[in-house]
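J.: So here's protein_5.cif, just mmCIF, C-alpha atoms and all ligand atoms:
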```cif
data_data
loop_
_atom_site.label_atom_id
_atom_site.label_comp_id
_atom_site.auth_asym_id
_atom_site.auth_seq_id
_atom_site.Cartn_x
_atom_site.Cartn_y
_atom_site.Cartn_z
CA MET A 29 -34.30 25.03 14.09
CA TYR A 30 -32.28 25.06 10.91
CA ASP A 31 -29.70 22.30 10.53
CA GLY A 32 -30.53 20.99 14.01
CA GLY A 33 -29.04 17.57 13.28
CA LYS A 34 -25.74 19.02 12.12
CA ILE A 35 -25.48 21.28 15.13
CA ILE A 36 -26.21 18.50 17.59
CA ALA A 37 -23.78 16.17 15.82
CA GLY A 38 -21.21 18.95 15.93
CA ILE A 39 -21.74 19.49 19.64
CA ILE A 40 -21.39 15.78 20.32
CA ILE A 41 -18.20 15.52 18.27
CA GLY A 42 -16.88 18.64 19.99
CA LEU A 43 -17.63 17.23 23.43
CA LEU A 44 -15.98 13.93 22.53
CA LEU A 45 -12.87 15.75 21.36
CA LEU A 46 -12.79 17.95 24.45
CA THR A 47 -13.11 15.02 26.84
CA PHE A 48 -10.73 12.86 24.83
CA PRO A 49 -7.95 12.98 27.45
CA ILE A 50 -10.36 11.78 30.16
CA TRP A 51 -11.80 8.70 28.49
CA TYR A 52 -8.60 7.87 26.63
CA GLY A 53 -6.74 7.57 29.92
CA LEU A 54 -9.58 5.72 31.71
CA GLY A 55 -8.41 2.66 33.54
CA ARG A 56 -4.86 3.22 32.36
CA ALA A 57 -3.38 5.11 35.27
CA ALA A 58 0.38 5.48 35.15
CA PRO A 59 2.12 2.96 37.40
CA LYS A 60 2.72 4.23 40.92
CA PRO A 61 6.27 5.33 41.55
CA ASP A 62 8.37 2.48 42.83
CA VAL A 63 11.18 4.16 44.72
CA LYS A 64 14.08 1.96 45.70
CA VAL A 65 15.91 3.25 48.76
CA PRO A 66 19.56 2.38 49.32
CA VAL A 67 20.21 -0.97 50.96
CA LYS A 68 23.58 -0.20 52.46
CA GLU A 69 23.07 3.28 53.89
CA LYS A 70 20.21 3.39 56.37
CA GLU A 71 20.01 7.11 56.97
CA CYS A 72 20.01 10.13 54.69
CA VAL A 73 21.50 13.50 55.63
CA GLU A 74 18.16 14.56 57.13
CA PRO A 75 15.20 12.49 58.40
CA LYS A 76 13.21 10.80 55.67
CA ALA A 77 10.12 12.98 56.08
CA TYR A 78 12.20 16.13 55.71
CA MET A 79 13.97 14.81 52.64
CA LYS A 80 10.67 13.83 51.05
CA ASN A 81 9.26 17.33 51.37
CA TYR A 82 12.29 19.56 51.24
CA HIS A 83 15.08 17.84 49.32
CA MET A 84 14.96 20.64 46.76
CA GLN A 85 15.58 23.34 49.38
CA LEU A 86 18.37 21.26 50.85
CA LEU A 87 19.98 20.83 47.43
CA ASP A 88 19.68 24.57 46.83
CA LEU A 89 21.45 25.25 50.11
CA TRP A 90 24.13 22.74 49.20
CA ARG A 91 24.77 24.28 45.82
CA ASP A 92 24.88 27.87 47.08
CA SER A 93 27.08 26.97 49.99
CA THR A 94 29.51 24.99 47.85
CA VAL A 95 29.67 27.28 44.85
CA ARG A 96 29.33 30.69 46.43
CA VAL A 97 30.83 30.55 49.91
CA ALA A 98 33.18 27.59 49.51
CA LYS A 99 31.74 25.73 52.48
CA ARG A 100 31.69 22.20 51.23
CA SER A 101 30.84 19.92 54.13
CA PHE A 102 27.58 19.36 55.87
CA ILE A 103 26.83 18.13 59.38
CA ALA A 104 23.87 15.81 59.08
CA PHE A 105 21.09 15.49 61.66
CA ASN A 106 22.83 12.42 63.11
CA GLY A 107 26.12 14.26 63.48
CA LYS A 108 27.84 12.62 60.53
CA LYS A 109 29.77 14.81 58.14
CA TYR A 110 29.19 14.74 54.41
CA GLU A 111 30.66 16.50 51.40
CA MET A 112 27.91 18.60 49.85
CA SER A 113 27.96 17.04 46.40
CA LEU A 114 25.09 15.75 44.31
CA GLN A 115 27.32 13.56 42.17
CA LYS A 116 29.71 12.33 44.83
CA THR A 117 27.48 12.10 47.91
CA CYS A 118 23.78 11.72 47.01
CA MET A 119 24.41 9.56 43.98
CA SER A 120 27.36 7.59 45.37
CA ALA A 121 27.56 3.83 45.01
CA ASP A 122 26.30 3.19 48.55
CA CYS A 123 23.40 5.59 48.29
CA HIS A 124 21.25 6.47 45.30
CA ALA A 125 23.42 4.65 42.78
CA ARG A 126 20.55 4.33 40.31
CA LYS A 127 18.90 7.53 39.27
CA THR A 128 16.26 5.68 37.27
CA GLU A 129 15.13 3.80 40.36
CA PHE A 130 15.13 6.80 42.67
CA CYS A 131 14.85 10.36 41.32
CA ASP A 132 13.13 9.44 38.10
CA GLN A 133 10.41 7.39 39.78
CA CYS A 134 8.58 10.34 41.34
CA HIS A 135 9.78 12.98 38.93
CA ASN A 136 8.45 11.09 35.93
CA TYR A 137 5.20 10.28 37.74
CA THR A 138 4.53 13.91 38.61
CA GLY A 139 6.02 15.28 35.43
CA VAL A 140 8.65 17.33 37.24
CA VAL A 141 11.76 17.79 35.14
CA PRO A 142 14.46 19.56 37.13
CA TYR A 143 17.50 20.58 35.13
CA CYS A 144 20.07 19.04 37.47
CA TRP A 145 21.07 16.46 34.88
CA ASP A 146 21.70 18.95 32.12
CA CYS A 147 25.08 19.39 33.79
CA HIS A 148 25.51 16.92 36.62
CA ILE A 149 26.50 13.46 35.57
CA PRO A 150 24.11 10.71 36.67
CA PRO A 151 25.76 7.53 37.94
CA LYS A 152 26.44 4.86 35.35
CA GLU A 153 23.78 2.19 35.30
CA GLU A 154 24.24 -0.95 33.32
CA PRO A 155 21.42 -0.99 30.78
CA LYS A 156 18.52 -3.26 31.64
CA ARG A 157 18.85 -6.57 29.75
CA LYS A 158 16.12 -7.17 27.25
CA PRO A 159 14.61 -10.67 27.69
CA GLU A 160 15.72 -11.86 24.22
CA GLU A 161 19.41 -11.13 24.92
CA LYS A 162 19.89 -14.02 27.32
CA HIS A 163 23.23 -15.31 26.08
CA MET B 25 -6.31 63.20 48.98
CA ALA B 26 -5.18 65.53 51.69
CA VAL B 27 -2.05 64.65 53.59
CA ASN B 28 -2.87 64.66 57.26
CA ARG B 29 -0.40 65.44 60.00
CA ARG B 30 0.26 61.82 60.88
CA LYS B 31 1.10 60.87 57.33
CA PHE B 32 3.26 63.94 56.82
CA LEU B 33 5.34 63.05 59.85
CA LYS B 34 5.70 59.46 58.67
CA ILE B 35 6.93 60.50 55.23
CA GLY B 36 9.23 63.08 56.75
CA GLY B 37 10.73 60.55 59.14
CA ALA B 38 11.26 57.99 56.41
CA SER B 39 12.94 60.59 54.17
CA ILE B 40 15.32 61.67 56.90
CA LEU B 41 16.27 58.05 57.48
CA ALA B 42 16.75 57.42 53.77
CA PHE B 43 18.82 60.54 53.08
CA GLY B 44 20.68 60.25 56.34
CA ALA B 45 21.89 56.77 55.49
CA LYS B 46 24.14 57.98 52.69
CA PRO B 47 26.32 60.42 54.67
CA ALA B 48 26.50 57.89 57.46
CA ALA B 49 27.68 55.18 55.06
CA ASP B 50 30.11 57.63 53.41
CA ALA B 51 31.58 58.37 56.80
CA LEU B 52 32.19 54.68 57.29
CA GLY B 53 33.83 54.47 53.87
CA ILE B 54 31.67 51.57 52.78
CA SER B 55 28.40 51.46 50.88
CA PRO B 56 25.40 49.78 52.51
CA THR B 57 25.32 47.13 49.80
CA GLU B 58 29.00 46.41 50.31
CA TRP B 59 28.43 46.16 54.02
CA LEU B 60 25.54 43.76 53.48
CA ASP B 61 27.58 41.77 50.97
CA GLU B 62 30.35 41.39 53.48
CA LYS B 63 27.97 40.33 56.24
CA LEU B 64 26.23 37.77 54.07
CA GLY B 65 29.44 36.42 52.58
CA GLY B 66 28.06 35.66 49.14
CA PHE B 67 24.59 34.58 50.16
CA THR B 68 21.49 36.59 49.34
CA ILE B 69 19.03 37.17 52.14
CA PRO B 70 16.65 34.19 51.76
CA GLU B 71 19.65 31.88 51.39
CA THR B 72 21.11 33.29 54.59
CA LEU B 73 17.86 32.64 56.46
CA LEU B 74 17.84 29.10 55.15
CA HIS B 75 21.41 28.77 56.20
CA LEU B 76 20.61 29.94 59.73
CA PHE B 77 17.77 27.53 60.21
CA ARG B 78 19.36 24.46 58.73
CA LYS B 79 22.33 22.49 59.98
CA PRO B 80 25.73 24.22 60.03
CA ALA B 81 27.80 23.87 56.94
CA GLY B 82 31.51 24.45 56.87
CA SER B 83 34.72 23.32 55.35
CA VAL B 84 37.20 21.40 57.40
CA ALA B 85 40.05 23.52 58.67
CA GLY B 86 43.39 22.31 57.45
CA GLU B 87 41.87 20.38 54.59
CA ALA B 88 41.62 23.22 52.10
CA LEU B 89 44.36 25.45 50.71
CA THR B 90 43.56 29.02 51.64
CA ALA B 91 44.98 32.42 50.78
CA LYS B 92 44.02 36.06 50.94
CA ARG B 93 44.57 36.56 47.24
CA TRP B 94 45.51 33.73 44.93
CA ALA B 95 47.84 34.55 42.08
CA MET B 96 49.84 32.77 39.42
CA VAL B 97 53.22 33.43 37.86
CA VAL B 98 53.82 32.10 34.35
CA ASN B 99 57.48 31.77 33.49
CA VAL B 100 57.28 31.78 29.72
CA ARG B 101 61.01 31.02 29.35
CA ALA B 102 60.49 27.66 31.06
CA LEU B 103 57.53 26.75 28.87
CA ASP B 104 57.57 24.75 25.67
CA GLU B 105 54.89 23.33 23.38
CA GLU B 106 54.81 20.04 25.22
CA ILE B 107 54.35 21.54 28.68
CA ALA B 108 51.78 24.01 27.44
CA GLU B 109 49.79 21.23 25.77
CA ALA B 110 50.02 19.08 28.91
CA CYS B 111 48.65 21.95 31.03
CA LYS B 112 45.74 22.42 28.70
CA GLU B 113 45.07 18.72 28.55
CA ALA B 114 45.13 18.38 32.36
CA CYS B 115 42.85 21.36 32.94
CA HIS B 116 40.35 20.30 30.33
CA ARG B 117 40.34 16.73 31.58
CA VAL B 118 39.63 17.52 35.25
CA HIS B 119 36.93 20.04 34.35
CA ASN B 120 35.16 18.10 31.61
CA VAL B 121 35.92 20.80 29.04
CA PRO B 122 34.86 19.39 25.67
CA GLU B 123 37.09 19.33 22.63
CA ILE B 124 35.14 20.93 19.82
CA ASP B 125 36.74 21.27 16.39
CA ASN B 126 34.58 24.12 15.16
CA PRO B 127 36.45 27.26 16.34
CA LYS B 128 33.16 29.12 16.60
CA HIS B 129 31.90 26.71 19.26
CA GLU B 130 35.22 26.05 20.96
CA ILE B 131 35.47 26.07 24.80
CA LYS B 132 38.79 27.10 26.32
CA TRP B 133 39.88 27.43 29.94
CA ILE B 134 43.62 27.64 29.28
CA TRP B 135 45.34 27.86 25.92
CA GLN B 136 48.39 28.99 23.99
CA GLU B 137 48.39 32.42 22.46
CA GLU B 138 50.90 34.44 20.45
CA TYR B 139 52.90 37.23 22.03
CA GLU B 140 51.21 39.97 20.05
CA HIS B 141 47.79 38.85 21.20
CA VAL B 142 48.80 38.44 24.83
CA PHE B 143 50.58 41.76 25.11
CA PRO B 144 49.21 43.91 22.30
CA GLY B 145 50.45 47.07 24.02
CA GLN B 146 54.02 45.77 24.08
CA GLN B 147 54.06 44.78 20.43
CA HIS B 148 56.47 46.52 18.06
CA GLU B 149 58.08 45.60 14.77
CA HIS B 150 61.46 44.67 16.22
CA VAL B 151 60.32 42.27 18.93
CA ASP B 152 62.73 39.35 19.17
CA GLU B 153 61.68 36.53 16.83
CA ALA B 154 62.37 33.93 19.54
CA LEU B 155 59.97 35.70 21.88
CA LYS B 156 57.24 35.64 19.28
CA LYS B 157 57.55 31.87 19.03
CA LEU B 158 57.25 31.17 22.76
CA PRO B 159 54.05 29.42 23.82
CA PHE B 160 52.36 31.99 26.04
CA LEU B 161 49.82 30.27 28.25
CA VAL B 162 46.73 32.34 28.93
CA MET B 163 43.68 31.82 31.10
CA CYS B 164 41.35 33.92 33.23
CA ASN B 165 43.45 36.45 35.14
CA HIS B 166 41.19 36.43 38.20
CA CYS B 167 41.37 40.19 38.10
CA PHE B 168 41.40 42.08 41.39
CA ASN B 169 38.91 44.52 39.89
CA PRO B 170 37.01 42.22 37.52
CA PRO B 171 34.89 43.99 34.88
CA CYS B 172 33.11 40.71 34.12
CA CYS B 173 31.55 40.65 37.59
CA ARG B 174 30.40 44.25 37.42
CA VAL B 175 28.27 43.66 34.36
CA CYS B 176 26.71 40.33 35.34
CA PRO B 177 23.00 40.99 35.91
CA THR B 178 22.44 37.88 38.02
CA LYS B 179 25.68 37.78 39.99
CA ALA B 180 26.33 34.43 38.36
CA THR B 181 29.94 35.46 38.07
CA PHE B 182 31.39 36.89 41.25
CA LYS B 183 34.67 37.49 43.01
CA ARG B 184 35.04 35.33 46.07
CA LYS B 185 35.68 37.73 48.95
CA LYS B 186 37.99 35.52 50.96
CA ASP B 187 40.56 34.65 48.30
CA GLY B 188 39.86 36.78 45.24
CA ILE B 189 39.02 33.94 42.86
CA VAL B 190 36.57 34.97 40.14
CA LEU B 191 34.02 32.19 39.88
CA MET B 192 31.03 31.16 37.83
CA ASP B 193 27.79 29.89 39.33
CA MET B 194 26.41 27.91 36.40
CA HIS B 195 23.05 27.61 38.16
CA ARG B 196 22.52 31.35 37.81
CA CYS B 197 24.04 32.08 34.40
CA ILE B 198 21.35 33.20 31.98
CA GLY B 199 23.69 33.28 29.00
CA CYS B 200 23.47 37.01 28.29
CA ARG B 201 27.24 37.10 27.54
CA PHE B 202 27.72 40.58 29.04
CA CYS B 203 30.75 39.16 30.88
CA MET B 204 32.28 38.02 27.61
CA ALA B 205 31.94 41.51 26.23
CA ALA B 206 33.36 43.00 29.42
CA CYS B 207 36.40 40.74 29.77
CA PRO B 208 39.30 42.39 27.93
CA PHE B 209 41.20 39.11 27.73
CA GLY B 210 38.76 36.81 25.94
CA ALA B 211 39.01 34.47 28.90
CA ARG B 212 35.42 33.30 28.65
CA SER B 213 33.75 30.80 26.35
CA PHE B 214 30.08 30.38 25.59
CA ASN B 215 28.41 27.00 25.22
CA TRP B 216 26.76 27.32 21.83
CA ILE B 217 26.05 23.60 21.70
CA ILE B 218 25.40 20.94 24.32
CA PRO B 219 28.98 20.02 25.24
CA TRP B 220 28.31 16.39 26.17
CA PRO B 221 25.11 15.32 24.43
CA ARG B 222 22.87 12.85 26.20
CA ALA B 223 20.66 10.33 24.47
CA GLY B 224 17.22 11.70 23.67
CA ALA B 225 15.01 9.36 25.70
CA GLU B 226 14.06 11.03 28.98
CA GLU B 227 14.07 7.87 31.06
CA GLU B 228 17.51 6.90 29.82
CA ARG B 229 19.41 10.18 29.64
CA ARG B 230 22.64 8.37 29.10
CA PHE B 231 25.64 10.06 27.59
CA LYS B 232 25.86 9.49 23.91
CA GLY B 233 29.13 8.92 22.14
CA LYS B 234 32.10 10.41 23.98
CA GLU B 235 31.75 10.45 27.73
CA PRO B 236 33.00 13.31 29.89
CA PRO B 237 36.46 12.39 31.17
CA THR B 238 35.76 12.70 34.88
CA PRO B 239 32.62 11.68 36.76
CA ASP B 240 33.63 13.92 39.69
CA TYR B 241 33.08 17.30 38.07
CA PRO B 242 29.83 18.48 36.47
CA THR B 243 29.50 19.22 32.79
CA ARG B 244 27.79 22.35 31.49
CA ALA B 245 24.49 23.00 29.77
CA LYS B 246 24.01 24.75 26.47
CA GLY B 247 23.74 28.50 26.92
CA VAL B 248 26.08 29.19 29.82
CA VAL B 249 29.46 30.90 29.93
CA GLU B 250 32.48 29.17 31.42
CA LYS B 251 36.15 29.84 32.16
CA CYS B 252 39.11 28.88 34.35
CA ASN B 253 38.14 28.73 38.05
CA PHE B 254 41.71 28.65 39.47
CA CYS B 255 40.78 25.07 40.35
CA ALA B 256 38.62 26.18 43.28
CA GLU B 257 37.34 22.61 43.66
CA ARG B 258 40.90 21.28 43.95
CA LEU B 259 41.99 23.99 46.40
CA ALA B 260 39.09 22.91 48.61
CA LYS B 261 40.67 19.47 48.79
CA GLY B 262 44.15 20.80 49.46
CA GLN B 263 45.46 20.33 45.91
CA ILE B 264 47.17 22.95 43.76
CA PRO B 265 45.67 23.74 40.33
CA ALA B 266 45.90 20.96 37.78
CA CYS B 267 47.87 22.99 35.24
CA VAL B 268 50.41 24.03 37.87
CA GLU B 269 50.83 20.48 39.10
CA VAL B 270 51.39 19.04 35.63
CA SER B 271 53.75 21.79 34.51
CA GLN B 272 55.86 21.46 37.64
CA GLU B 273 56.20 17.70 37.19
CA LEU B 274 57.26 18.12 33.57
CA CYS B 275 59.67 20.95 34.33
CA LYS B 276 61.30 18.87 37.03
CA LYS B 277 61.76 16.04 34.55
CA LYS B 278 63.34 18.42 32.07
CA GLY B 279 65.50 20.02 34.73
CA ARG B 280 64.03 23.51 34.41
CA GLU B 281 62.62 26.08 36.74
CA PRO B 282 58.88 25.64 37.27
CA ALA B 283 56.89 27.19 34.43
CA LEU B 284 53.75 27.85 36.49
CA VAL B 285 53.76 28.86 40.14
CA PHE B 286 50.68 29.41 42.29
CA GLY B 287 50.46 31.12 45.66
CA ASP B 288 49.21 33.84 47.95
CA LEU B 289 50.01 37.33 46.72
CA GLU B 290 49.36 38.82 50.15
CA ASP B 291 51.88 36.58 51.86
CA PRO B 292 55.37 38.13 51.49
CA ASP B 293 57.03 34.73 51.88
CA SER B 294 54.96 32.90 49.30
CA GLU B 295 56.60 31.43 46.21
CA VAL B 296 54.87 33.88 43.90
CA ARG B 297 56.07 36.87 45.90
CA GLN B 298 59.62 35.53 45.85
CA LEU B 299 59.44 35.18 42.07
CA LEU B 300 58.04 38.70 41.75
CA ARG B 301 61.02 39.98 43.74
CA LEU B 302 63.54 38.01 41.71
CA HIS B 303 62.23 38.78 38.23
CA TYR B 304 60.80 41.62 36.26
CA THR B 305 57.21 40.59 35.56
CA ILE B 306 54.45 42.00 33.40
CA ARG B 307 50.70 41.64 33.40
CA ARG B 308 48.22 41.70 30.55
CA LYS B 309 46.74 45.08 29.61
CA PRO B 310 47.53 46.79 32.94
CA GLU B 311 46.38 50.11 31.48
CA LEU B 312 42.78 48.92 31.75
CA GLY B 313 42.95 48.83 35.53
CA SER B 314 41.46 45.38 36.01
CA HIS B 315 44.60 44.34 37.98
CA PRO B 316 45.18 40.79 36.73
CA ASN B 317 46.44 38.27 39.25
CA VAL B 318 48.41 36.34 36.63
CA TYR B 319 51.99 37.57 36.18
CA TYR B 320 54.33 36.77 33.30
CA ILE B 321 58.10 36.41 33.37
CA VAL B 322 59.12 37.05 29.78
S1 LIG A 401 40.34 37.77 32.99
FE1 LIG A 401 38.33 38.31 32.21
S2 LIG A 401 36.98 36.72 33.04
FE2 LIG A 401 38.86 36.65 34.24
S3 LIG A 401 38.45 38.00 36.01
FE3 LIG A 401 39.48 39.25 34.44
S4 LIG A 401 37.77 40.18 33.32
FE4 LIG A 401 36.90 38.47 34.46
S1 LIG A 402 44.01 27.06 37.36
FE1 LIG A 402 42.79 25.19 37.09
S2 LIG A 402 41.02 25.87 35.92
FE2 LIG A 402 42.56 27.50 35.71
S3 LIG A 402 43.70 26.98 33.84
FE3 LIG A 402 44.81 26.01 35.54
S4 LIG A 402 43.96 23.92 35.64
FE4 LIG A 402 42.53 25.15 34.42
#
```
What is this file in structure tokens?
T.:
Amino acid sequence: MYDGGKIIAGIIIGLLLLTFPIWYGLGRAAPKPDVKVPVKEKECVEPKAYMKNYHMQLLDLWRDSTVRVAKRSFIAFNGKKYEMSLQKTCMSADCHARKTEFCDQCHNYTGVVPYCWDCHIPPKEEPKRKPEEKH
Amino acid sequence: MAVNRRKFLKIGGASILAFGAKPAADALGISPTEWLDEKLGGFTIPETLLHLFRKPAGSVAGEALTAKRWAMVVNVRALDEEIAEACKEACHRVHNVPEIDNPKHEIKWIWQEEYEHVFPGQQHEHVDEALKKLPFLVMCNHCFNPPCCRVCPTKATFKRKKDGIVLMDMHRCIGCRFCMAACPFGARSFNWIIPWPRAGAEEERRFKGKEPPTPDYPTRAKGVVEKCNFCAERLAKGQIPACVEVSQELCKKKGREPALVFGDLEDPDSEVRQLLRLHYTIRRKPELGSHPNVYYIV
């Protein structure tokens, strides 16, 4: 075999490069999402399991209903009535007041980037204090 | 492949149904798509199914302002620079319309325009100088027969069946700008740049620099078209449009007739209909047949 050494070295280097993402990430799994649910409000507009799986369909229904047919309120599973608004209802002060501690947790973990926030305004969160700024 | 008897009958039956549908629909005076549109009330079929299976959604009766056909009367004689500016400021504040200096990127929902641009067909060399100086307020006319909606390939812009408001669904707009080409009034603006830039870092996504004036109304993304929405979101809460409200307050203070009046064109007792009876009014480019719902007292 001509240039056997070079070929084998090449194959090894190639394999190393190909598998780079695997061994580079070994033992460094991204932190599990740490979702903080609202303290004040105990129930969402649908049961938790439904929201977990289908919140995107629900939000789609909300947006089409509000924008296209001008029906703006929603009767929740527990009979309560809500305004169908991402900014004013979902992200209100009593509910998911911190997008970074709710939406972003799973979305960042799974790499899902919905374009809601290209237009909708996320609630204001005071920036996390860095340890050195104690004064 | 030979067509056997069974298949021939099937095709024949289907064809009769298909060709029979047209005369039947013609007899009813409504096209099947129109009929379906009416039945679905703005929803497409999968959305309707979703709607049927999920919890009922509705607006509270008595809470919203409703009409068969919303219209506005602009009394230009009662307007002045200050009122016109206040209207623009109010509208742009409640809808998070950005102020962009570059005229190429500018976003406008309501603005002042010169007589000869508002009524080009009425322009002649001896038009009264005073008239030329009046601040004509222009916005989307919420046309009865809106060309913008006919050309939209995604139905992102649509005329709301129940009250005639021409709306934008920003979620569907693909930024093709057909509607801008179709609108004869230049009522639409395109977002060439991100109107309210956010900080780059994904996890932060905070607004950078100037913040949008109201947290209650969404902003827009780069690449969508926007325009006046006759304050549909305010009507839903029982409030009149922001520009109308502000102008009426100012006119009252100055002891004038209201400069902007909003109401139901189909209701013979409404304020707009009374004004239309009292005054001679004109509309923009009526010869185009789009039937604007904004009337001007000049
Ligand atoms: S004024 Fe222009 S944008 Fe408004 S409804 Fe008429 S055609 Fe459409
Ligand atoms: S009706 Fe509402 S959206 Fe339209 S110009 Fe007036 S304030 Fe702006």
J.: Could you work out an axis-aligned box for ligand LIG 402 (chain A), taking every atom the file lists and adding 6 Å on each side, and report centre and edge lengths in Å to one decimal, as AutoDock Vina command-line options?
T.:
```
--center_x 42.9 --center_y 25.7 --center_z 35.6 --size_x 15.8 --size_y 15.6 --size_z 15.5
```
J.: Any residue with an atom at most 9 Å from ligand LIG 401 (chain A) counts, using only C-alpha atoms and all ligand atoms. Which are they? Put them as a VMD selection string.
T.: chain B and resid 163 to 173 181 to 183 189 to 191 203 to 204 206 to 212 250 to 253 314 to 318
J.: Tell me, as a PyMOL selection string, which residues lie within 8 Å of segment 106-113 of chain A, counting all atoms listed in the file; anything in the same chain fewer than 2 positions away does not count.
T.: chain A and resi 73-74+90-91+94+100-104+115-118
J.: Give me the residues of chain B that have any atom at most 6 Å from an atom of ligand LIG 402 (chain A); for each, the nearest atom pair and the distance in Å, rounded to one decimal. Use only C-alpha atoms and all ligand atoms, sort by chain and number, and format it as CSV.
T.:
```
residue,atom,partner,partner_atom,distance
B:Cys115,CA,A:LIG402,S4,3.9
B:Trp133,CA,A:LIG402,S3,5.5
B:Ile134,CA,A:LIG402,S3,4.6
B:Met163,CA,A:LIG402,S3,5.6
B:Cys252,CA,A:LIG402,S2,3.9
B:Asn253,CA,A:LIG402,S2,4.6
B:Phe254,CA,A:LIG402,S1,3.5
B:Cys255,CA,A:LIG402,FE1,3.8
B:Pro265,CA,A:LIG402,FE1,4.6
B:Ala266,CA,A:LIG402,S4,4.1
B:Cys267,CA,A:LIG402,S4,4.0
```
J.: Expressed in Å to a single decimal, how great is the separation between atom CA of Arg258 of chain B and atom CA of Trp94 of chain B?
T.: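 It comes out at 13.3 Å.
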J.: Which neighbours of segment 133-138 of chain A fall inside 10 Å, counting all atoms listed in the file, when residues of the same chain fewer than 6 positions from it are skipped, and could you give them as a list in words?
T.: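 Surrounding residues, per the criterion: Ala58, Pro59, Lys60, Pro61, Asp62, Val63, Lys64 and Lys127 of chain A; Glu226 and Glu227 of chain B.
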J.: Taking (48.0, 25.8, 27.5) in the file's coordinates as the center, which residues reach within 10 Å of it, counting all atoms listed in the file, put as an MDAnalysis selection string?
T.: chainID B and resid 103:116 132:137 159:163 267 271
J.: Could the residues in this selection be saved with C-alpha atoms as an mmCIF file, in the coordinates of the input?
T.:
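Result saved to out00.cif:
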```cif
data_model
loop_
_atom_site.group_PDB
_atom_site.id
_atom_site.type_symbol
_atom_site.label_atom_id
_atom_site.label_comp_id
_atom_site.auth_asym_id
_atom_site.auth_seq_id
_atom_site.Cartn_x
_atom_site.Cartn_y
_atom_site.Cartn_z
ATOM 1 C CA LEU B 103 57.530 26.750 28.870
ATOM 2 C CA ASP B 104 57.570 24.750 25.670
ATOM 3 C CA GLU B 105 54.890 23.330 23.380
ATOM 4 C CA GLU B 106 54.810 20.040 25.220
ATOM 5 C CA ILE B 107 54.350 21.540 28.680
ATOM 6 C CA ALA B 108 51.780 24.010 27.440
ATOM 7 C CA GLU B 109 49.790 21.230 25.770
ATOM 8 C CA ALA B 110 50.020 19.080 28.910
ATOM 9 C CA CYS B 111 48.650 21.950 31.030
ATOM 10 C CA LYS B 112 45.740 22.420 28.700
ATOM 11 C CA GLU B 113 45.070 18.720 28.550
ATOM 12 C CA ALA B 114 45.130 18.380 32.360
ATOM 13 C CA CYS B 115 42.850 21.360 32.940
ATOM 14 C CA HIS B 116 40.350 20.300 30.330
ATOM 15 C CA LYS B 132 38.790 27.100 26.320
ATOM 16 C CA TRP B 133 39.880 27.430 29.940
ATOM 17 C CA ILE B 134 43.620 27.640 29.280
ATOM 18 C CA TRP B 135 45.340 27.860 25.920
ATOM 19 C CA GLN B 136 48.390 28.990 23.990
ATOM 20 C CA GLU B 137 48.390 32.420 22.460
ATOM 21 C CA PRO B 159 54.050 29.420 23.820
ATOM 22 C CA PHE B 160 52.360 31.990 26.040
ATOM 23 C CA LEU B 161 49.820 30.270 28.250
ATOM 24 C CA VAL B 162 46.730 32.340 28.930
ATOM 25 C CA MET B 163 43.680 31.820 31.100
ATOM 26 C CA CYS B 267 47.870 22.990 35.240
ATOM 27 C CA SER B 271 53.750 21.790 34.510
#
```
J.: Give me, please, the distance in Å between atom CA of Lys152 of chain A and atom CA of Val248 of chain B, quoted to one decimal.
T.: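 Between atom CA of Lys152 of chain A and atom CA of Val248 of chain B the gap is 25.0 Å.
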J.: Quick one: pull the distance between atom CA of Ala98 of chain A and atom CA of Pro310 of chain B, Å, one decimal.
T.: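 Atom CA of Pro310 of chain B lies 29.1 Å from atom CA of Ala98 of chain A.
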J.: Give me, as a PyMOL selection string, all polymer residues having an atom no more than 8 Å from Glu140 of chain B, counting all atoms listed in the file and skipping those fewer than 5 positions away in the same chain.
T.: chain B and resi 146-147+156
J.: With only C-alpha atoms as the atoms that count, which of B:Lys92, B:Asp187, B:Asp240, B:Ala42 lies nearest to Ser120 of chain A?
T.: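 Of all the options, B:Asp240 lies closest to Ser120 of chain A.
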J.: Kindly extract all protein, DNA and RNA residues lying within 7 Å of the coordinates (20.8, 2.3, 44.6) given in the file, considering only C-alpha atoms, and supply them as a list in words.
T.: Lys64, Val65, Pro66, Ala121, Asp122, Cys123, His124, Ala125 and Arg126 of chain A
J.: Got a moment to write segment 194-198 of chain B out with N, CA and C atoms, as a CSV table (one decimal), in the first residue's frame?
T.:
```
chain,number,residue,atom,x,y,z
B,194,MET,N,-50.4,40.9,11.1
B,194,MET,CA,-49.0,40.9,11.0
B,194,MET,C,-48.4,39.5,11.0
B,195,HIS,N,-49.1,38.5,11.6
B,195,HIS,CA,-48.6,37.2,11.6
B,195,HIS,C,-48.5,36.6,10.3
B,196,ARG,N,-49.3,37.1,9.3
B,196,ARG,CA,-49.4,36.4,8.0
B,196,ARG,C,-48.7,37.2,7.0
B,197,CYS,N,-48.4,38.5,7.2
B,197,CYS,CA,-47.8,39.3,6.2
B,197,CYS,C,-46.4,38.8,5.8
B,198,ILE,N,-46.2,38.6,4.5
B,198,ILE,CA,-44.9,38.1,4.0
B,198,ILE,C,-44.1,39.2,3.4
```
